[in-house]
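**Q** I'd like to ask some things about the structure below.
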Amino acid sequence: MSIKNVRLEVMQAIEPQVDGFMKDFLMPIEKIWQPTDFLPDSQSDKFFDDVEQLRGEAKELGYDFWVTLVADTITEEALPTYESWLMDVEGIDQHSGKENGWSKWVRAWTAEENRHGDVLNKYLYLSGRVNMREIEITTQHLIADGFDIGTDRDPYKNFVYTSFQELATNISHKRVGKLAKQKGNTLLAKMCNIIAGDEMRHHLAYREFVKTIMGQDPDGMVLAFADMMKKKIVMPAHFLRESGESIGEAFEHFSSCAQRLGVYTAQDYVDILKKLNDYWDLGNLRGLSDQAEKARVYLMKLPERLQRISERMQFSQEQRAFKWVEANGML
Ligand SMILES: [Fe+2]
Ligand SMILES: [Fe+2]
C-alpha cells in the first residue's frame, strides 16, 4: 500500500476518537473567555477612563517589546492561512458528506484561535503605541504570501508541526505576559496568559494525535517526525514583511528581538524537542523497521546536538527600525 493510503486509513481509523479529543482539549463556546472580557467595554460610561489607563500603562513598555507583540499579533491574525492549510491535509475531509471529525476539529480549533488575534489587535489599536496601518499592511501581506512549513498534505508531519508550534506560542505568549507584568501592565499580562492557556490545550491535543497515530503506524510516524526535524520547524510567520519590502525580510529582525528579550530562544527549540521525544516515548520504542530505527536514534541524539549549536549561536544585537513601532527610547 502506498504511504498516502496508509495515512488515509490511519486517519479514518482514529476519526471516531476525535469527538472525545474535542471534549478533552477544547472549551465549550458559551464558557470560554472572549476578547471583550479583557478589553475596556465600549458600552460602559467608564470606557474612556479605562482606555486612558490602558494607554498610560502601555507607555512603560519598550521598543523590542512592542515589535515582538506586534509580530505575535500578526502571526495570530494570519489564521486564514493555517485553517485553509489544515483543511487540505490528507484525511481531513470537509466534503465527505457525513460530518468528518477531523474537519470539525479544524473548525473548532480555528474558532478558538481566532480570538487571539482579535484581542491583541484591539489592544494594540487602543494602546496608541504602534502604527496600525503598517501592521495592517503586514497582516495583509502575510495572508497573501501564505507559508511553506514543509509538511505537504501529510497528516503525520502536520501534527508534528502543530504539536511543536502550539508549545512555542504558549512559551512566547507566557513570556510576553511576564514582561508586561514586570512593567505593571496587569491587563496585557492577563490577556497574554489566557492566550498562552489556549495554546497549551492545543499543544496537548496535537501531541495526543501524534501519540495515537504512533500506536497505529509507529514506523511512519517516527519517519515523519525525523523528516520534520531535519527540515527544522519554521515559524508560521517566516514570510513576514513590512510595507515596500520583499517577502520574509522582517522575520529575521523580529526573531532577533524575540531572542534579545528572551521571549522565544534557540534553547526553547531544544526544550520543546526534548519534551516531544519524552511524551512520544521515543526512548522505549522498539520493533521498528531498520529505516525507522535509524530515524529514532537520530531524534534521540538531536537535542544534545542542537544544544551544542544553540550555545554557539549568535543573534543580532543591532536595533532595526520597524515601521510598526515608533522609537520611544526604551528597549
Ligand atoms: Fe494562537
Ligand atoms: Fe495556537
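Lettering and numbering for the C-alpha cells are positional, with chains as A, B, ... in the shown order, residues counted from 1 in each chain, and ligands counted from 1 in the shown order.
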Mind checking which residues fall within 9 Å of range 253-264 of chain A, counting only C-alpha atoms, ignoring those fewer than 4 positions away in the same chain, and posting them as a PyMOL selection string?
**A** chain A and resi 64-65+67-68+71+168-169+171-176+179+240+249+268-269+315-320+322
**Q** Let's see if you can do this: from backbone DSSP, list all alpha helix (DSSP H) residues in range 69-259 of chain A, as a PyMOL selection string.
**A** chain A and resi 69-77+79-87+101-127+132-145+155-182+186-216+218-231+249-259
**Q** Just how far from CA of Lys46 in chain A is CA of Ala196 in chain A, in Å to one decimal?
**A**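 These atoms are spaced 28.2 Å apart.
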**Q** Restrict the calculation to only C-alpha atoms and all ligand atoms, then for each residue of chain A with any atom at most 10 Å from an atom of ligand 2 give the closest atom pair and their distance in Å to one decimal, rows by chain and rising residue number, as CSV.
**A**
```
residue,atom,partner,partner_atom_place_in_ligand_line,distance
A:Thr75,CA,ligand 2,1 (Fe),9.7
A:Glu76,CA,ligand 2,1 (Fe),7.8
A:Leu79,CA,ligand 2,1 (Fe),9.3
A:Tyr82,CA,ligand 2,1 (Fe),9.8
A:Trp109,CA,ligand 2,1 (Fe),8.4
A:Thr110,CA,ligand 2,1 (Fe),8.8
A:Glu112,CA,ligand 2,1 (Fe),8.7
A:Glu113,CA,ligand 2,1 (Fe),6.0
A:Asn114,CA,ligand 2,1 (Fe),9.4
A:His116,CA,ligand 2,1 (Fe),8.5
A:Thr162,CA,ligand 2,1 (Fe),8.0
A:Ser163,CA,ligand 2,1 (Fe),9.5
A:Gln165,CA,ligand 2,1 (Fe),7.2
A:Glu166,CA,ligand 2,1 (Fe),4.7
A:Leu167,CA,ligand 2,1 (Fe),8.1
A:Ala168,CA,ligand 2,1 (Fe),8.8
A:Thr169,CA,ligand 2,1 (Fe),6.3
A:Asn170,CA,ligand 2,1 (Fe),7.6
A:Ile195,CA,ligand 2,1 (Fe),8.5
A:Ala196,CA,ligand 2,1 (Fe),8.5
A:Gly197,CA,ligand 2,1 (Fe),9.8
A:Asp198,CA,ligand 2,1 (Fe),7.2
A:Glu199,CA,ligand 2,1 (Fe),4.7
A:Met200,CA,ligand 2,1 (Fe),8.1
A:Arg201,CA,ligand 2,1 (Fe),9.0
A:His202,CA,ligand 2,1 (Fe),6.4
A:His203,CA,ligand 2,1 (Fe),7.7
```
**Q** I need the residues from that last selection saved to file as a CSV table (one decimal), in the first residue's frame (with N, CA, C and O atoms), if you can.
**A**
```
chain,number,residue,atom,x,y,z
A,75,THR,N,1.1,37.2,13.6
A,75,THR,CA,1.2,35.7,13.4
A,75,THR,C,-0.2,35.1,13.7
A,75,THR,O,-0.7,34.2,13.0
A,76,GLU,N,-0.9,35.6,14.7
A,76,GLU,CA,-2.2,35.1,15.1
A,76,GLU,C,-3.2,35.6,14.0
A,76,GLU,O,-4.2,34.8,13.7
A,79,LEU,N,-4.4,33.6,10.7
A,79,LEU,CA,-5.2,32.3,10.9
A,79,LEU,C,-5.8,31.8,9.6
A,79,LEU,O,-5.9,30.6,9.4
A,82,TYR,N,-3.6,29.2,8.1
A,82,TYR,CA,-3.5,28.0,8.9
A,82,TYR,C,-4.7,27.1,8.7
A,82,TYR,O,-4.6,25.9,8.5
A,109,TRP,N,-11.0,24.3,16.4
A,109,TRP,CA,-9.7,24.9,16.8
A,109,TRP,C,-9.5,26.3,16.2
A,109,TRP,O,-9.1,27.2,16.9
A,110,THR,N,-9.9,26.5,15.0
A,110,THR,CA,-9.8,27.8,14.3
A,110,THR,C,-10.6,28.8,15.1
A,110,THR,O,-10.2,30.0,15.4
A,112,GLU,N,-11.4,28.9,18.2
A,112,GLU,CA,-10.7,29.3,19.5
A,112,GLU,C,-9.5,30.2,19.1
A,112,GLU,O,-9.3,31.2,19.8
A,113,GLU,N,-8.7,29.8,18.1
A,113,GLU,CA,-7.6,30.6,17.8
A,113,GLU,C,-7.9,32.0,17.3
A,113,GLU,O,-7.2,33.0,17.6
A,114,ASN,N,-9.1,32.1,16.7
A,114,ASN,CA,-9.5,33.4,16.1
A,114,ASN,C,-9.5,34.5,17.2
A,114,ASN,O,-9.4,35.7,16.9
A,116,HIS,N,-7.5,35.1,19.5
A,116,HIS,CA,-6.1,35.5,19.9
A,116,HIS,C,-5.8,36.8,19.2
A,116,HIS,O,-5.4,37.8,19.7
A,162,THR,N,2.2,21.1,14.4
A,162,THR,CA,1.3,21.8,15.3
A,162,THR,C,1.6,21.5,16.7
A,162,THR,O,1.5,22.3,17.6
A,163,SER,N,2.1,20.2,17.0
A,163,SER,CA,2.5,19.9,18.4
A,163,SER,C,3.6,20.8,18.8
A,163,SER,O,3.6,21.3,20.0
A,165,GLN,N,4.6,23.7,17.4
A,165,GLN,CA,4.3,25.2,17.2
A,165,GLN,C,3.3,25.7,18.3
A,165,GLN,O,3.5,26.8,18.8
A,166,GLU,N,2.4,24.9,18.8
A,166,GLU,CA,1.5,25.3,19.8
A,166,GLU,C,2.2,25.5,21.1
A,166,GLU,O,2.0,26.5,21.9
A,167,LEU,N,3.2,24.7,21.4
A,167,LEU,CA,4.0,24.8,22.6
A,167,LEU,C,4.9,26.1,22.5
A,167,LEU,O,5.1,26.8,23.4
A,168,ALA,N,5.5,26.3,21.3
A,168,ALA,CA,6.3,27.5,21.0
A,168,ALA,C,5.5,28.8,21.3
A,168,ALA,O,5.9,29.7,21.9
A,169,THR,N,4.2,28.8,20.8
A,169,THR,CA,3.4,30.0,21.1
A,169,THR,C,3.0,30.1,22.5
A,169,THR,O,2.9,31.2,23.0
A,170,ASN,N,2.8,29.0,23.2
A,170,ASN,CA,2.5,29.0,24.6
A,170,ASN,C,3.6,29.7,25.3
A,170,ASN,O,3.4,30.6,26.2
A,195,ILE,N,-4.3,33.6,26.6
A,195,ILE,CA,-4.0,33.1,25.3
A,195,ILE,C,-3.0,31.9,25.4
A,195,ILE,O,-3.2,30.9,24.8
A,196,ALA,N,-2.0,32.1,26.2
A,196,ALA,CA,-1.0,31.0,26.5
A,196,ALA,C,-1.7,29.7,26.9
A,196,ALA,O,-1.3,28.6,26.6
A,197,GLY,N,-2.7,29.9,27.8
A,197,GLY,CA,-3.5,28.8,28.3
A,197,GLY,C,-4.2,28.0,27.1
A,197,GLY,O,-4.2,26.8,27.1
A,198,ASP,N,-4.8,28.8,26.2
A,198,ASP,CA,-5.4,28.1,25.0
A,198,ASP,C,-4.3,27.3,24.2
A,198,ASP,O,-4.5,26.2,23.8
A,199,GLU,N,-3.2,28.0,24.0
A,199,GLU,CA,-2.1,27.4,23.2
A,199,GLU,C,-1.7,26.0,23.8
A,199,GLU,O,-1.4,25.1,23.2
A,200,MET,N,-1.6,26.0,25.2
A,200,MET,CA,-1.2,24.8,25.9
A,200,MET,C,-2.2,23.7,25.6
A,200,MET,O,-1.8,22.6,25.3
A,201,ARG,N,-3.5,24.0,25.7
A,201,ARG,CA,-4.5,23.0,25.5
A,201,ARG,C,-4.4,22.4,24.0
A,201,ARG,O,-4.5,21.2,23.8
A,202,HIS,N,-4.1,23.3,23.1
A,202,HIS,CA,-4.0,22.9,21.7
A,202,HIS,C,-2.7,22.0,21.5
A,202,HIS,O,-2.8,21.0,20.8
A,203,HIS,N,-1.7,22.4,22.2
A,203,HIS,CA,-0.5,21.6,22.2
A,203,HIS,C,-0.7,20.2,22.7
A,203,HIS,O,-0.3,19.2,22.1
```
**Q** Could you jot down the CA of Val130 in chain A to CA of Tyr63 in chain A separation for me, Å, one decimal place?
**A**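 So the two atoms, CA of Val130 in chain A and CA of Tyr63 in chain A, lie 10.0 Å apart.
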**Q** Residues within 12 Å of Gln291 in chain A, please, as a count of residues only. Count only C-alpha atoms; anything in the same chain fewer than 2 positions from it doesn't count.
**A** 18
**Q** Could you jot down the CA of Val325 in chain A to CA of Met132 in chain A separation for me, Å, one decimal place?
**A**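 Atom-to-atom, CA of Val325 in chain A to CA of Met132 in chain A, that is 9.0 Å.
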**Q** Leaving out Ala237 in chain A and any residue of its chain fewer than 4 positions from it, which residues lie within 9 Å of it when counting only C-alpha atoms, given as a PyMOL selection string?
**A** chain A and resi 71-72+74-75+78+142+146-147+248+251
**Q** Report as a PyMOL selection string all protein, DNA and RNA residues lying within 9 Å of Glu57 in chain A, evaluated on only C-alpha atoms, omitting residues in the same chain fewer than 5 positions from it.
**A** chain A and resi 52+127+183-187
**Q** Mind checking which residues fall within 9 Å of Ser310 in chain A, counting only C-alpha atoms, ignoring those fewer than 5 positions away in the same chain, and posting them as a list in words?
**A**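 So, after excluding close chain neighbours, the residues are Thr265, Ala266, Gln267, Val270 and Arg305 of chain A.
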**Q** Limited to N, CA, C and O atoms, could you put the picked residues into a file as a compact mmCIF listing (two decimals), in the first residue's frame?
**A**
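File produced: result_27.txt:
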```txt
# COMPACT_ATOMS: atom_id res chain seq x y z
N THR A 265 13.60 31.54 22.28
CA THR A 265 15.02 31.41 22.01
C THR A 265 15.36 30.03 21.42
O THR A 265 14.52 29.13 21.43
N ALA A 266 16.62 29.91 20.97
CA ALA A 266 17.09 28.63 20.43
C ALA A 266 17.01 27.54 21.51
O ALA A 266 16.75 26.38 21.23
N GLN A 267 17.21 27.96 22.76
CA GLN A 267 17.11 27.00 23.88
C GLN A 267 15.68 26.44 23.99
O GLN A 267 15.49 25.26 24.27
N VAL A 270 15.16 23.58 21.59
CA VAL A 270 15.73 22.32 22.09
C VAL A 270 14.82 21.71 23.17
O VAL A 270 14.54 20.51 23.16
N ARG A 305 22.71 17.54 20.21
CA ARG A 305 23.38 18.20 19.08
C ARG A 305 22.94 19.65 18.94
O ARG A 305 23.76 20.55 18.80
```
